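S.K.: my_file-v8.cif is the file, holding mmCIF, C-alpha atoms:
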data_entry
#
loop_
_atom_site.label_atom_id
_atom_site.label_comp_id
_atom_site.auth_asym_id
_atom_site.auth_seq_id
_atom_site.Cartn_x
_atom_site.Cartn_y
_atom_site.Cartn_z
CA MET A 1 18.18 39.64 0.41
CA LYS A 2 19.29 39.08 3.97
CA ARG A 3 16.54 41.38 5.27
CA THR A 4 13.92 39.59 3.16
CA LEU A 5 15.02 36.21 4.51
CA ALA A 6 14.96 37.50 8.10
CA TRP A 7 11.46 38.91 7.53
CA LEU A 8 10.32 35.64 5.99
CA ARG A 9 11.73 33.66 8.94
CA ASP A 10 9.91 35.89 11.44
CA ALA A 11 6.70 35.60 9.45
CA ILE A 12 6.81 31.83 9.60
CA VAL A 13 8.15 31.42 13.13
CA SER A 14 6.43 34.23 15.06
CA ASN A 15 2.83 33.13 15.04
CA ARG A 16 0.57 31.07 17.28
CA VAL A 17 0.35 28.10 14.93
CA TRP A 18 4.12 27.64 14.67
CA ARG A 19 4.64 28.27 18.37
CA SER A 20 2.01 25.65 19.20
CA ILE A 21 3.98 23.04 17.24
CA VAL A 22 7.58 24.07 17.91
CA ARG A 23 8.29 25.21 21.46
CA HIS A 24 12.02 25.85 21.21
CA GLY A 25 13.84 28.80 19.65
CA TYR A 26 16.01 28.81 16.55
CA PRO A 27 18.64 26.08 17.19
CA ASP A 28 21.73 28.26 17.33
CA THR A 29 22.47 27.77 21.03
CA PRO A 30 23.40 24.45 22.73
CA LEU A 31 20.11 24.55 24.70
CA ASP A 32 17.91 25.09 21.65
CA GLN A 33 19.89 22.50 19.71
CA SER A 34 19.22 19.99 22.47
CA LEU A 35 15.53 20.96 22.62
CA ALA A 36 15.22 20.57 18.84
CA VAL A 37 16.06 16.87 19.25
CA PHE A 38 14.42 16.39 22.65
CA SER A 39 11.03 17.92 21.80
CA ASN A 40 10.64 16.20 18.41
CA PHE A 41 8.80 12.87 18.41
CA PHE A 42 10.84 11.42 15.56
CA LEU A 43 14.22 12.65 16.80
CA HIS A 44 13.75 12.03 20.54
CA VAL A 45 14.54 8.32 20.06
CA HIS A 46 18.11 9.42 19.46
CA PRO A 47 20.15 10.88 22.34
CA VAL A 48 20.83 14.60 22.22
CA LYS A 49 24.54 13.92 22.68
CA VAL A 50 26.47 10.80 21.70
CA HIS A 51 29.76 9.46 22.96
CA ARG A 52 32.72 10.31 20.73
CA HIS A 53 33.50 6.61 20.31
CA SER A 54 29.95 5.87 19.08
CA LEU A 55 30.87 7.78 15.94
CA ARG A 56 33.33 5.06 14.89
CA ALA A 57 31.26 3.51 12.10
CA SER A 58 33.32 0.32 11.82
CA TYR A 59 32.29 -0.72 15.33
CA THR A 60 28.59 -1.37 14.57
CA PHE A 61 28.59 -0.90 10.76
CA GLY A 62 25.11 0.60 11.29
CA LEU A 63 23.64 -2.87 10.79
CA GLY A 64 20.77 -2.39 13.24
CA LEU A 65 19.64 0.82 11.52
CA MET A 66 20.03 -0.89 8.14
CA ALA A 67 17.70 -3.67 9.28
CA PHE A 68 15.22 -1.03 10.51
CA TYR A 69 15.35 0.88 7.21
CA LEU A 70 14.80 -2.36 5.29
CA PHE A 71 11.76 -2.98 7.52
CA LEU A 72 10.46 0.50 6.59
CA VAL A 73 11.01 -0.25 2.88
CA LEU A 74 9.08 -3.51 3.34
CA VAL A 75 6.19 -1.74 5.09
CA VAL A 76 5.89 0.91 2.37
CA THR A 77 6.26 -1.42 -0.65
CA GLY A 78 4.10 -4.08 1.01
CA THR A 79 1.28 -1.60 1.68
CA LEU A 80 1.35 -0.53 -1.98
CA LEU A 81 1.32 -4.14 -3.20
CA MET A 82 -1.79 -4.74 -1.09
CA PHE A 83 -3.72 -2.39 -3.41
CA TYR A 84 -3.56 -4.99 -6.21
CA TYR A 85 -3.10 -8.33 -4.45
CA VAL A 86 -6.17 -10.35 -3.42
CA PRO A 87 -5.43 -13.35 -1.16
CA SER A 88 -7.77 -15.80 -2.86
CA VAL A 89 -6.73 -19.05 -4.55
CA GLU A 90 -8.43 -17.92 -7.77
CA ARG A 91 -6.74 -14.53 -7.97
CA ALA A 92 -3.47 -14.52 -6.00
CA TYR A 93 -1.20 -15.91 -8.73
CA ALA A 94 -2.83 -13.82 -11.48
CA ASP A 95 -2.61 -10.67 -9.33
CA MET A 96 1.09 -11.33 -8.74
CA LYS A 97 1.63 -11.76 -12.51
CA ASP A 98 -0.40 -8.59 -13.19
CA LEU A 99 1.85 -6.71 -10.77
CA GLU A 100 4.82 -7.91 -12.82
CA PHE A 101 3.51 -7.33 -16.35
CA VAL A 102 0.47 -5.02 -16.30
CA VAL A 103 0.59 -2.54 -13.41
CA SER A 104 2.90 0.45 -13.92
CA PHE A 105 5.98 0.17 -11.65
CA GLY A 106 4.44 -2.99 -10.19
CA ILE A 107 7.52 -5.05 -10.96
CA VAL A 108 9.72 -2.43 -9.26
CA LEU A 109 7.66 -2.58 -6.07
CA ARG A 110 7.45 -6.37 -6.09
CA ASN A 111 11.19 -6.74 -6.59
CA LEU A 112 11.94 -4.05 -3.99
CA HIS A 113 9.74 -5.96 -1.54
CA ARG A 114 11.39 -9.29 -2.37
CA TRP A 115 14.99 -8.09 -2.25
CA ALA A 116 14.44 -5.98 0.86
CA ALA A 117 13.02 -9.12 2.51
CA HIS A 118 16.07 -11.18 1.56
CA GLY A 119 18.30 -8.27 2.61
CA MET A 120 16.58 -7.92 5.97
CA VAL A 121 17.22 -11.57 6.84
CA ALA A 122 20.89 -11.15 5.88
CA VAL A 123 21.34 -7.83 7.69
CA VAL A 124 19.55 -8.98 10.85
CA PHE A 125 21.85 -12.03 10.91
CA LEU A 126 24.95 -9.85 10.42
CA HIS A 127 23.69 -7.45 13.15
CA MET A 128 23.40 -10.43 15.48
CA CYS A 129 26.97 -11.49 14.61
CA ARG A 130 28.26 -7.97 15.29
CA VAL A 131 26.50 -7.85 18.66
CA PHE A 132 27.97 -11.25 19.53
CA TYR A 133 31.56 -10.51 18.48
CA THR A 134 31.62 -7.12 20.27
CA GLY A 135 30.22 -8.77 23.40
CA SER A 136 27.28 -6.37 23.36
CA TYR A 137 24.93 -9.14 24.54
CA LYS A 138 26.49 -9.04 28.03
CA PRO A 139 24.82 -7.31 31.00
CA PRO A 140 23.32 -4.73 31.13
CA ARG A 141 22.32 -5.46 27.51
CA ASP A 142 21.33 -9.10 28.05
CA PHE A 143 17.57 -8.52 27.94
CA ASN A 144 17.86 -6.51 24.73
CA TRP A 145 19.69 -9.49 23.21
CA VAL A 146 16.64 -11.62 24.06
CA ILE A 147 14.34 -9.10 22.36
CA GLY A 148 16.71 -9.17 19.40
CA VAL A 149 16.41 -12.95 19.15
CA VAL A 150 12.60 -12.59 19.13
CA LEU A 151 12.94 -9.97 16.36
CA LEU A 152 15.10 -12.45 14.39
CA VAL A 153 12.40 -15.12 14.73
CA LEU A 154 9.74 -12.57 13.68
CA THR A 155 11.85 -11.74 10.60
CA PHE A 156 11.92 -15.45 9.71
CA LEU A 157 8.15 -15.77 10.30
CA LEU A 158 7.46 -12.74 8.10
CA SER A 159 9.62 -14.27 5.36
CA PHE A 160 7.88 -17.63 5.73
CA THR A 161 4.33 -16.21 5.67
CA GLY A 162 5.21 -13.99 2.68
CA TYR A 163 6.57 -17.08 0.89
CA LEU A 164 3.07 -18.50 0.33
CA LEU A 165 1.47 -15.35 -1.07
CA PRO A 166 2.55 -15.62 -4.77
CA TRP A 167 0.60 -18.93 -4.77
CA ASP A 168 2.89 -20.60 -7.31
CA GLN A 169 4.38 -24.10 -7.17
CA LEU A 170 7.37 -22.93 -5.12
CA ALA A 171 5.07 -21.25 -2.60
CA PHE A 172 2.69 -24.18 -2.38
CA TRP A 173 5.36 -26.83 -1.77
CA ALA A 174 7.44 -24.60 0.52
CA ILE A 175 4.46 -24.15 2.82
CA THR A 176 3.46 -27.82 2.45
CA VAL A 177 6.93 -28.79 3.67
CA GLY A 178 7.20 -25.99 6.25
CA THR A 179 3.90 -26.74 7.95
CA SER A 180 4.71 -30.47 7.84
CA ILE A 181 7.86 -29.67 9.83
CA ALA A 182 5.59 -27.97 12.39
CA GLY A 183 3.66 -31.28 12.38
CA TYR A 184 6.63 -33.01 14.07
CA THR A 185 6.18 -30.93 17.23
CA PRO A 186 5.86 -33.40 20.13
CA LEU A 187 2.35 -34.19 21.44
CA MET A 188 0.46 -31.45 19.55
CA GLY A 189 2.15 -31.60 16.11
CA GLN A 190 -0.83 -32.43 13.89
CA ARG A 191 -3.08 -30.08 15.85
CA LEU A 192 -0.53 -27.27 15.40
CA ARG A 193 -0.22 -28.00 11.68
CA SER A 194 -3.97 -27.85 11.04
CA PHE A 195 -4.18 -24.72 13.24
CA LEU A 196 -1.58 -22.98 11.06
CA LEU A 197 -3.27 -24.11 7.83
CA GLY A 198 -6.85 -23.67 9.02
CA GLY A 199 -7.50 -27.14 7.57
CA ASN A 200 -5.74 -30.31 6.48
CA GLN A 201 -4.15 -29.02 3.29
CA VAL A 202 -2.63 -25.85 1.85
CA GLY A 203 -5.78 -24.18 0.55
CA GLN A 204 -7.84 -20.99 0.76
CA ASN A 205 -7.82 -20.92 4.57
CA ALA A 206 -4.04 -21.31 4.69
CA LEU A 207 -3.54 -18.52 2.16
CA LEU A 208 -5.82 -16.18 4.12
CA ARG A 209 -4.20 -17.06 7.47
CA PHE A 210 -0.69 -16.48 6.12
CA TYR A 211 -1.83 -13.22 4.51
CA VAL A 212 -3.35 -11.84 7.74
CA LEU A 213 -0.25 -12.89 9.70
CA HIS A 214 2.01 -11.36 7.05
CA VAL A 215 0.33 -7.97 6.62
CA MET A 216 -1.21 -7.41 10.05
CA LEU A 217 -0.27 -9.44 13.12
CA LEU A 218 3.45 -10.04 12.62
CA PRO A 219 4.24 -6.45 11.45
CA LEU A 220 2.32 -5.09 14.48
CA VAL A 221 4.28 -7.24 16.95
CA MET A 222 7.47 -6.41 15.07
CA THR A 223 6.81 -2.64 15.28
CA VAL A 224 6.15 -2.77 19.02
CA LEU A 225 9.24 -4.89 19.70
CA ILE A 226 11.44 -2.67 17.51
CA GLY A 227 10.24 0.24 19.67
CA VAL A 228 11.15 -1.64 22.85
CA HIS A 229 14.49 -2.71 21.32
CA PHE A 230 15.42 0.93 20.55
CA TRP A 231 14.19 2.17 23.93
CA ARG A 232 16.29 -0.47 25.73
CA ILE A 233 19.44 0.69 23.89
CA ARG A 234 19.09 4.05 25.68
CA LYS A 235 18.12 2.48 29.00
CA ASP A 236 21.01 -0.02 28.91
CA GLY A 237 23.69 2.65 28.62
CA GLY A 238 23.52 3.82 25.05
CA LEU A 239 24.94 2.46 21.84
CA SER A 240 27.58 -0.21 22.45
CA ARG A 241 31.02 1.30 21.75
CA PRO A 242 34.73 0.58 22.12
CA GLU A 243 35.87 1.27 25.65
CA GLY A 244 38.13 4.14 24.59
CA GLU A 245 41.73 5.11 24.13
CA GLU A 246 42.63 5.17 27.82
CA HIS A 247 41.37 1.60 28.28
CA ALA A 248 43.05 0.49 25.07
CA ARG A 249 46.37 1.90 26.31
CA ALA A 250 45.98 0.33 29.75
CA ALA A 251 45.33 -3.04 28.14
CA MET B 1 45.99 30.01 2.61
CA PRO B 2 43.96 28.39 -0.21
CA ARG B 3 43.07 24.78 0.44
CA GLU B 4 44.10 22.06 -1.97
CA GLY B 5 41.92 21.81 -5.06
CA GLU B 6 40.05 25.04 -4.29
CA GLY B 7 39.02 27.07 -7.31
CA LYS B 8 39.66 24.51 -10.01
CA SER B 9 37.30 21.80 -8.73
CA LEU B 10 33.65 21.75 -7.61
CA ALA B 11 32.88 24.26 -4.87
CA ARG B 12 31.45 22.79 -1.66
CA ARG B 13 28.25 24.79 -2.07
CA THR B 14 27.72 23.58 -5.66
CA PHE B 15 28.48 20.00 -4.65
CA LEU B 16 25.95 20.06 -1.82
CA GLY B 17 23.43 21.80 -4.09
CA ILE B 18 23.69 19.01 -6.64
CA GLY B 19 23.51 16.40 -3.88
CA TRP B 20 20.39 17.77 -2.22
CA GLY B 21 18.86 18.45 -5.64
CA ALA B 22 19.32 14.78 -6.49
CA VAL B 23 17.76 13.70 -3.18
CA VAL B 24 14.70 15.94 -3.70
CA ALA B 25 14.39 14.85 -7.36
CA SER B 26 14.50 11.17 -6.44
CA ILE B 27 11.85 11.63 -3.72
CA LEU B 28 9.57 13.51 -6.13
CA GLY B 29 10.15 10.86 -8.80
CA MET B 30 9.29 8.13 -6.32
CA LEU B 31 6.07 9.89 -5.32
CA ALA B 32 5.11 10.34 -8.98
CA ALA B 33 5.81 6.66 -9.68
CA THR B 34 3.71 5.67 -6.65
CA VAL B 35 0.73 7.72 -7.87
CA ARG B 36 1.10 6.21 -11.36
CA PHE B 37 1.26 2.72 -9.80
CA LEU B 38 -2.13 3.33 -8.17
CA VAL B 39 -3.78 4.11 -11.54
CA PRO B 40 -4.83 0.68 -12.90
CA ASN B 41 -3.88 -0.19 -16.48
CA VAL B 42 -6.43 -2.99 -16.82
CA LEU B 43 -9.96 -3.03 -15.40
CA PHE B 44 -11.76 -6.28 -14.61
CA GLU B 45 -15.21 -4.74 -15.05
CA PRO B 46 -18.12 -5.90 -17.22
CA ALA B 47 -17.77 -4.89 -20.87
CA ALA B 48 -19.41 -1.62 -21.94
CA SER B 49 -20.93 -3.29 -25.04
CA PHE B 50 -22.72 -6.63 -25.01
CA LYS B 51 -25.42 -8.81 -26.59
CA ILE B 52 -28.80 -9.23 -24.94
CA GLY B 53 -30.38 -12.13 -26.88
CA LYS B 54 -32.68 -12.36 -29.88
CA PRO B 55 -35.49 -9.89 -30.69
CA ASN B 56 -38.13 -12.59 -30.19
CA ASP B 57 -37.06 -12.93 -26.53
CA TYR B 58 -38.90 -9.65 -25.91
CA ALA B 59 -42.65 -9.29 -26.34
CA PRO B 60 -44.01 -6.21 -28.17
CA GLY B 61 -45.16 -3.53 -25.69
CA SER B 62 -42.84 -4.69 -22.88
CA VAL B 63 -40.24 -3.14 -20.59
CA THR B 64 -37.58 -5.67 -19.48
CA PHE B 65 -34.99 -4.95 -16.80
CA ILE B 66 -31.58 -6.65 -17.18
CA PRO B 67 -30.06 -6.40 -13.67
CA GLU B 68 -26.45 -7.43 -14.52
CA ARG B 69 -26.30 -4.75 -17.26
CA LYS B 70 -28.39 -2.14 -15.45
CA ILE B 71 -30.50 -1.37 -18.54
CA PHE B 72 -34.13 -1.52 -19.61
CA VAL B 73 -34.97 -3.11 -22.96
CA ILE B 74 -38.12 -1.46 -24.28
CA ARG B 75 -40.01 -3.05 -27.16
CA ALA B 76 -42.76 -0.89 -28.60
CA LEU B 77 -46.07 -2.29 -29.87
CA ASP B 78 -44.80 -1.88 -33.47
CA GLY B 79 -41.89 -4.23 -32.59
CA SER B 80 -39.09 -1.60 -32.56
CA PHE B 81 -36.40 -1.61 -29.84
CA GLN B 82 -34.92 1.01 -27.52
CA THR B 83 -32.52 0.59 -24.59
CA LEU B 84 -32.64 2.93 -21.60
CA THR B 85 -30.14 3.10 -18.74
CA ALA B 86 -31.35 2.09 -15.28
CA THR B 87 -28.69 4.28 -13.66
CA CYS B 88 -30.14 7.41 -12.07
CA PRO B 89 -28.23 10.53 -13.21
CA HIS B 90 -28.35 11.87 -9.64
CA LEU B 91 -26.01 9.51 -7.71
CA ARG B 92 -26.01 6.30 -9.79
CA CYS B 93 -28.62 4.28 -7.91
CA VAL B 94 -30.61 1.82 -10.04
CA VAL B 95 -34.14 3.04 -10.88
CA ARG B 96 -37.09 0.62 -11.08
CA TRP B 97 -39.96 0.45 -13.56
CA ILE B 98 -43.40 0.85 -12.04
CA ALA B 99 -45.66 -0.61 -14.77
CA GLU B 100 -49.01 0.53 -13.24
CA GLU B 101 -47.97 4.20 -13.20
CA ARG B 102 -45.70 3.92 -16.27
CA VAL B 103 -42.88 5.72 -14.46
CA TYR B 104 -39.31 4.97 -13.43
CA GLU B 105 -38.55 5.69 -9.77
CA CYS B 106 -35.24 5.90 -7.94
CA PRO B 107 -35.37 4.17 -4.53
CA CYS B 108 -32.48 6.22 -3.10
CA HIS B 109 -33.70 9.82 -3.31
CA GLY B 110 -37.11 9.55 -4.93
CA SER B 111 -36.40 10.91 -8.41
CA ARG B 112 -39.20 10.02 -10.86
CA PHE B 113 -38.98 9.76 -14.63
CA THR B 114 -41.67 9.36 -17.31
CA ASP B 115 -41.70 6.29 -19.55
CA ARG B 116 -39.71 8.47 -21.99
CA GLY B 117 -37.00 9.00 -19.34
CA LYS B 118 -37.80 12.66 -18.58
CA VAL B 119 -37.40 13.69 -14.94
CA THR B 120 -40.63 14.83 -13.27
CA ALA B 121 -39.68 14.89 -9.57
CA GLY B 122 -36.74 14.61 -7.22
CA PRO B 123 -33.09 15.72 -7.31
CA ALA B 124 -32.07 14.11 -10.65
CA PRO B 125 -30.33 16.80 -12.76
CA GLY B 126 -31.34 15.33 -16.13
CA PRO B 127 -33.17 12.58 -18.04
CA LEU B 128 -32.25 8.90 -18.18
CA GLU B 129 -29.89 8.19 -21.07
CA TRP B 130 -30.66 6.10 -24.16
CA TYR B 131 -28.09 3.66 -25.52
CA GLU B 132 -27.46 2.55 -29.08
CA VAL B 133 -28.94 -0.86 -29.87
CA THR B 134 -28.24 -2.61 -33.19
CA LEU B 135 -28.70 -6.06 -34.70
CA ALA B 136 -25.51 -8.12 -34.75
CA THR B 137 -24.67 -10.38 -37.71
CA ASP B 138 -25.68 -13.44 -35.68
CA GLY B 139 -29.21 -12.00 -35.33
CA ARG B 140 -28.88 -10.97 -31.70
CA LEU B 141 -29.42 -7.52 -30.21
CA TYR B 142 -26.18 -5.63 -29.52
CA VAL B 143 -26.08 -2.74 -27.00
CA ASN B 144 -23.22 -0.26 -26.88
CA THR B 145 -23.42 1.84 -23.70
CA LEU B 146 -20.51 3.99 -24.88
CA VAL B 147 -22.80 5.47 -27.57
CA GLN B 148 -25.67 7.61 -26.29
CA VAL B 149 -28.51 8.27 -28.70
CA ARG B 150 -31.51 10.61 -28.87
CA ALA B 151 -34.83 9.59 -27.34
CA ASP B 152 -36.34 9.05 -30.81
CA TYR B 153 -33.69 6.48 -31.82
CA ARG B 154 -35.35 3.13 -32.59
CA LEU B 155 -34.17 -0.20 -33.93
CA THR B 156 -36.73 -1.73 -36.25
CA VAL B 157 -36.34 -5.43 -36.83
#
Please re-express this file's structure in structure tokens.
M.R.:
Amino acid sequence: MKRTLAWLRDAIVSNRVWRSIVRHGYPDTPLDQSLAVFSNFFLHVHPVKVHRHSLRASYTFGLGLMAFYLFLVLVVTGTLLMFYYVPSVERAYADMKDLEFVVSFGIVLRNLHRWAAHGMVAVVFLHMCRVFYTGSYKPPRDFNWVIGVVLLVLTFLLSFTGYLLPWDQLAFWAITVGTSIAGYTPLMGQRLRSFLLGGNQVGQNALLRFYVLHVMLLPLVMTVLIGVHFWRIRKDGGLSRPEGEEHARAA
Amino acid sequence: MPREGEGKSLARRTFLGIGWGAVVASILGMLAATVRFLVPNVLFEPAASFKIGKPNDYAPGSVTFIPERKIFVIRALDGSFQTLTATCPHLRCVVRWIAEERVYECPCHGSRFTDRGKVTAGPAPGPLEWYEVTLATDGRLYVNTLVQVRADYRLTV
């Protein structure tokens, strides 16, 4: 058994194809373990080694990662919903109802998308609270706080643009009210409102604009800024953590 | 020294086996559900059977193309009806009726068919198909494209 497994491992690992993808050896030495993380696109975001105090879960509660995972859930479920949803005033409401009552597992995906969206707003808010109460917004992390605020606003905008898409009474009046609020912007209010709606009322142009913003532009900006946000965590001295036992004793 | 609970409770290896098994099972289930989601349960396509008007709408000895149904309605000189598909059996382009030569020709890849639907040239693998046409109780012609009939099938009215 052991010999068979060893032979199998060599057969998989000792060929040109595998060696062209994976450049490090079997991760049973500290160097190869580091390289396994370092030379992998998906893992390299994370540091090879973390501070012992970063492992204390109750310090961050993993809220940032939770928000990120909810974003991933929203991307996956949203992409699948796009296969059945047509952003036209004739079809949008019926397509949404079909997703609930006709399409297999449609209601699961729609509800996953809806609850993940609500959850993301809540978790992003809690993440912001955590960062504030642990003082993690202070230098050198002050710029990452600013990016975080932009990400919060993007989360709200994604929620708001997604609000219109079911094209029911709630959606229609929510966007009527929301874009009217934008109309109170000094000097350019009415121009801004008609720019958002693509017209003077909530109609086909508004639905299409909100759809394109919701499925394309805002997620793209969000993805880029999430990347920058994560990158800055590393550049600003790693995950925020308690200062440590020695400091705690001194204080 | 044996650790507490060892032996009588779940072994670590079994516990992890069940755990990872559950993770793999849930991922596979999710993938299966996603594939099923992408198979539509309702199609918003034109019906496969439909009415095409009264017999007197068609002159004896005529070939009439109905574009939205992609069929030809053929009325012989004796007044009997036949319906022929306009969909080329090669790659589903719509063939056209060339009255002067009495042939059907596919504009995509040049397949040619006789007025009886038999292929004479081009890449088409078989003849054009004939559909069942009957007289509905309201006196209108009723075509069912789900039922294919032989080339000698005729509706006499």
S.K.: Decode the PyMOL selection byres ((chain A) within 10 of (chain B)) for the given file into explicit residues and return them as an NGL selection string.
M.R.: :A and (77 or 80-81 or 83-84 or 98-99 or 102-106 or 108-109)
S.K.: Between CA of Glu105 (chain B) and CA of Phe50 (chain B), what distance in Å does the model show, to one decimal?
M.R.: 25.2 Å
S.K.: Just the residues within 12 Å of Gly64 (chain A), please, counting only C-alpha atoms, with nothing from its chain fewer than 6 positions along; format it as a PyMOL selection string.
M.R.: chain A and resi 70-71+120-131+148+151-152+226+229-230+233+239-240
S.K.: Could you jot down the CA of Phe101 (chain A) to CA of Pro166 (chain A) separation for me, Å, one decimal place?
M.R.: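 CA of Pro166 (chain A) lies at a distance of 14.3 Å from CA of Phe101 (chain A).
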S.K.: Quick check, in Å to one decimal: how far apart do CA of Ser54 (chain A) and CA of Phe41 (chain A) lie?
M.R.: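 These two atoms are separated by 22.3 Å.
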S.K.: I'd like to know which of B:Ala121, B:Leu28, B:Val147, B:Cys108 is closest to Thr85 (chain B), using only C-alpha atoms.
M.R.: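 Under the stated criterion, the closest residue is B:Val147.
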S.K.: Which residues are near region 132-138 of chain B? Cut-off 12 Å, all atoms listed in the file, ignore same chain within fewer than 3 positions. Put them as an mmCIF file with C-alpha atoms, in the coordinates of the input.
M.R.:
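Below you can see out-v7.cif, which holds the result:
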data_model
loop_
_atom_site.group_PDB
_atom_site.id
_atom_site.type_symbol
_atom_site.label_atom_id
_atom_site.label_comp_id
_atom_site.auth_asym_id
_atom_site.auth_seq_id
_atom_site.Cartn_x
_atom_site.Cartn_y
_atom_site.Cartn_z
ATOM 1 C CA ALA B 48 -19.410 -1.620 -21.940
ATOM 2 C CA SER B 49 -20.930 -3.290 -25.040
ATOM 3 C CA PHE B 50 -22.720 -6.630 -25.010
ATOM 4 C CA LYS B 51 -25.420 -8.810 -26.590
ATOM 5 C CA ILE B 52 -28.800 -9.230 -24.940
ATOM 6 C CA GLY B 53 -30.380 -12.130 -26.880
ATOM 7 C CA LYS B 54 -32.680 -12.360 -29.880
ATOM 8 C CA PRO B 55 -35.490 -9.890 -30.690
ATOM 9 C CA ILE B 71 -30.500 -1.370 -18.540
ATOM 10 C CA PHE B 72 -34.130 -1.520 -19.610
ATOM 11 C CA VAL B 73 -34.970 -3.110 -22.960
ATOM 12 C CA ILE B 74 -38.120 -1.460 -24.280
ATOM 13 C CA ARG B 75 -40.010 -3.050 -27.160
ATOM 14 C CA SER B 80 -39.090 -1.600 -32.560
ATOM 15 C CA PHE B 81 -36.400 -1.610 -29.840
ATOM 16 C CA GLN B 82 -34.920 1.010 -27.520
ATOM 17 C CA THR B 83 -32.520 0.590 -24.590
ATOM 18 C CA LEU B 84 -32.640 2.930 -21.600
ATOM 19 C CA THR B 85 -30.140 3.100 -18.740
ATOM 20 C CA GLU B 129 -29.890 8.190 -21.070
ATOM 21 C CA LEU B 141 -29.420 -7.520 -30.210
ATOM 22 C CA TYR B 142 -26.180 -5.630 -29.520
ATOM 23 C CA VAL B 143 -26.080 -2.740 -27.000
ATOM 24 C CA ASN B 144 -23.220 -0.260 -26.880
ATOM 25 C CA THR B 145 -23.420 1.840 -23.700
ATOM 26 C CA LEU B 146 -20.510 3.990 -24.880
ATOM 27 C CA VAL B 147 -22.800 5.470 -27.570
ATOM 28 C CA GLN B 148 -25.670 7.610 -26.290
ATOM 29 C CA VAL B 149 -28.510 8.270 -28.700
ATOM 30 C CA ARG B 150 -31.510 10.610 -28.870
ATOM 31 C CA ALA B 151 -34.830 9.590 -27.340
ATOM 32 C CA ASP B 152 -36.340 9.050 -30.810
ATOM 33 C CA TYR B 153 -33.690 6.480 -31.820
ATOM 34 C CA ARG B 154 -35.350 3.130 -32.590
ATOM 35 C CA LEU B 155 -34.170 -0.200 -33.930
ATOM 36 C CA THR B 156 -36.730 -1.730 -36.250
ATOM 37 C CA VAL B 157 -36.340 -5.430 -36.830
#
S.K.: Could you tell me, as a VMD selection string, which residues have any atom at most 6 Å from (-38.2, -1.9, -13.5), counting only C-alpha atoms?
M.R.: chain B and resid 65 96 to 97
S.K.: When the PyMOL selection byres ((chain A and resi 171-174) around 12) is applied to the file above, which residues end up in the set, as a PyMOL selection string?
M.R.: chain A and resi 89+92-93+159-170+175-181+197+201-204+206-207+210
S.K.: Selection from above, C-alpha atoms, as a CSV table (one decimal), in the frame of the given file, can you write it?
M.R.:
chain,number,residue,atom,x,y,z
A,89,VAL,CA,-6.7,-19.0,-4.6
A,92,ALA,CA,-3.5,-14.5,-6.0
A,93,TYR,CA,-1.2,-15.9,-8.7
A,159,SER,CA,9.6,-14.3,5.4
A,160,PHE,CA,7.9,-17.6,5.7
A,161,THR,CA,4.3,-16.2,5.7
A,162,GLY,CA,5.2,-14.0,2.7
A,163,TYR,CA,6.6,-17.1,0.9
A,164,LEU,CA,3.1,-18.5,0.3
A,165,LEU,CA,1.5,-15.4,-1.1
A,166,PRO,CA,2.6,-15.6,-4.8
A,167,TRP,CA,0.6,-18.9,-4.8
A,168,ASP,CA,2.9,-20.6,-7.3
A,169,GLN,CA,4.4,-24.1,-7.2
A,170,LEU,CA,7.4,-22.9,-5.1
A,175,ILE,CA,4.5,-24.2,2.8
A,176,THR,CA,3.5,-27.8,2.4
A,177,VAL,CA,6.9,-28.8,3.7
A,178,GLY,CA,7.2,-26.0,6.2
A,179,THR,CA,3.9,-26.7,8.0
A,180,SER,CA,4.7,-30.5,7.8
A,181,ILE,CA,7.9,-29.7,9.8
A,197,LEU,CA,-3.3,-24.1,7.8
A,201,GLN,CA,-4.2,-29.0,3.3
A,202,VAL,CA,-2.6,-25.8,1.8
A,203,GLY,CA,-5.8,-24.2,0.6
A,204,GLN,CA,-7.8,-21.0,0.8
A,206,ALA,CA,-4.0,-21.3,4.7
A,207,LEU,CA,-3.5,-18.5,2.2
A,210,PHE,CA,-0.7,-16.5,6.1
S.K.: Using only C-alpha atoms, pick whichever of A:Gly238, A:Arg23, A:Met216, A:Asn205 has the shortest atom-to-atom distance to Pro87 (chain A).
M.R.: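 Of A:Gly238, A:Arg23, A:Met216, A:Asn205, the one nearest Pro87 (chain A), counting only C-alpha atoms, is A:Asn205.
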S.K.: Fewer than 6 positions away in the same chain doesn't count, so skip those; otherwise give me all residues within 12 Å of Leu74 (chain A), counting all atoms listed in the file, as a list in words.
M.R.: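 Once the adjacent positions are removed, what remains is Ala67, Phe68, Leu80, Leu81, Met82, Leu109, Arg110, Asn111, Leu112, His113, Arg114, Trp115, Ala116, Ala117, His118, Gly119, Met120, Val121, Thr155, Leu158, Ser159, Gly162, His214, Val215 and Pro219 of chain A.
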S.K.: What would the selection look like, as a ChimeraX atom specification, if the PyMOL selection byres ((chain B and resi 113) around 12) were run on the coordinates I just shared?
M.R.: /B:84-90,95-98,101-106,110-112,114-129
S.K.: Nearest to Val63 (chain B): which of B:Leu91, B:Tyr131, B:Ala99, B:Phe44 is it, counting all atoms listed in the file?
M.R.: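 Among the listed residues, B:Ala99 lies closest to Val63 (chain B).
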S.K.: Taking all atoms of region 55-70 of chain B that the file lists, what box with edges along x, y and z, padded by 3 Å per side, do you get, with centre and edge lengths in Å to one decimal, as AutoDock Vina command-line options?
M.R.:
--center_x -35.7 --center_y -7.5 --center_z -22.2 --size_x 24.9 --size_y 16.8 --size_z 23.0
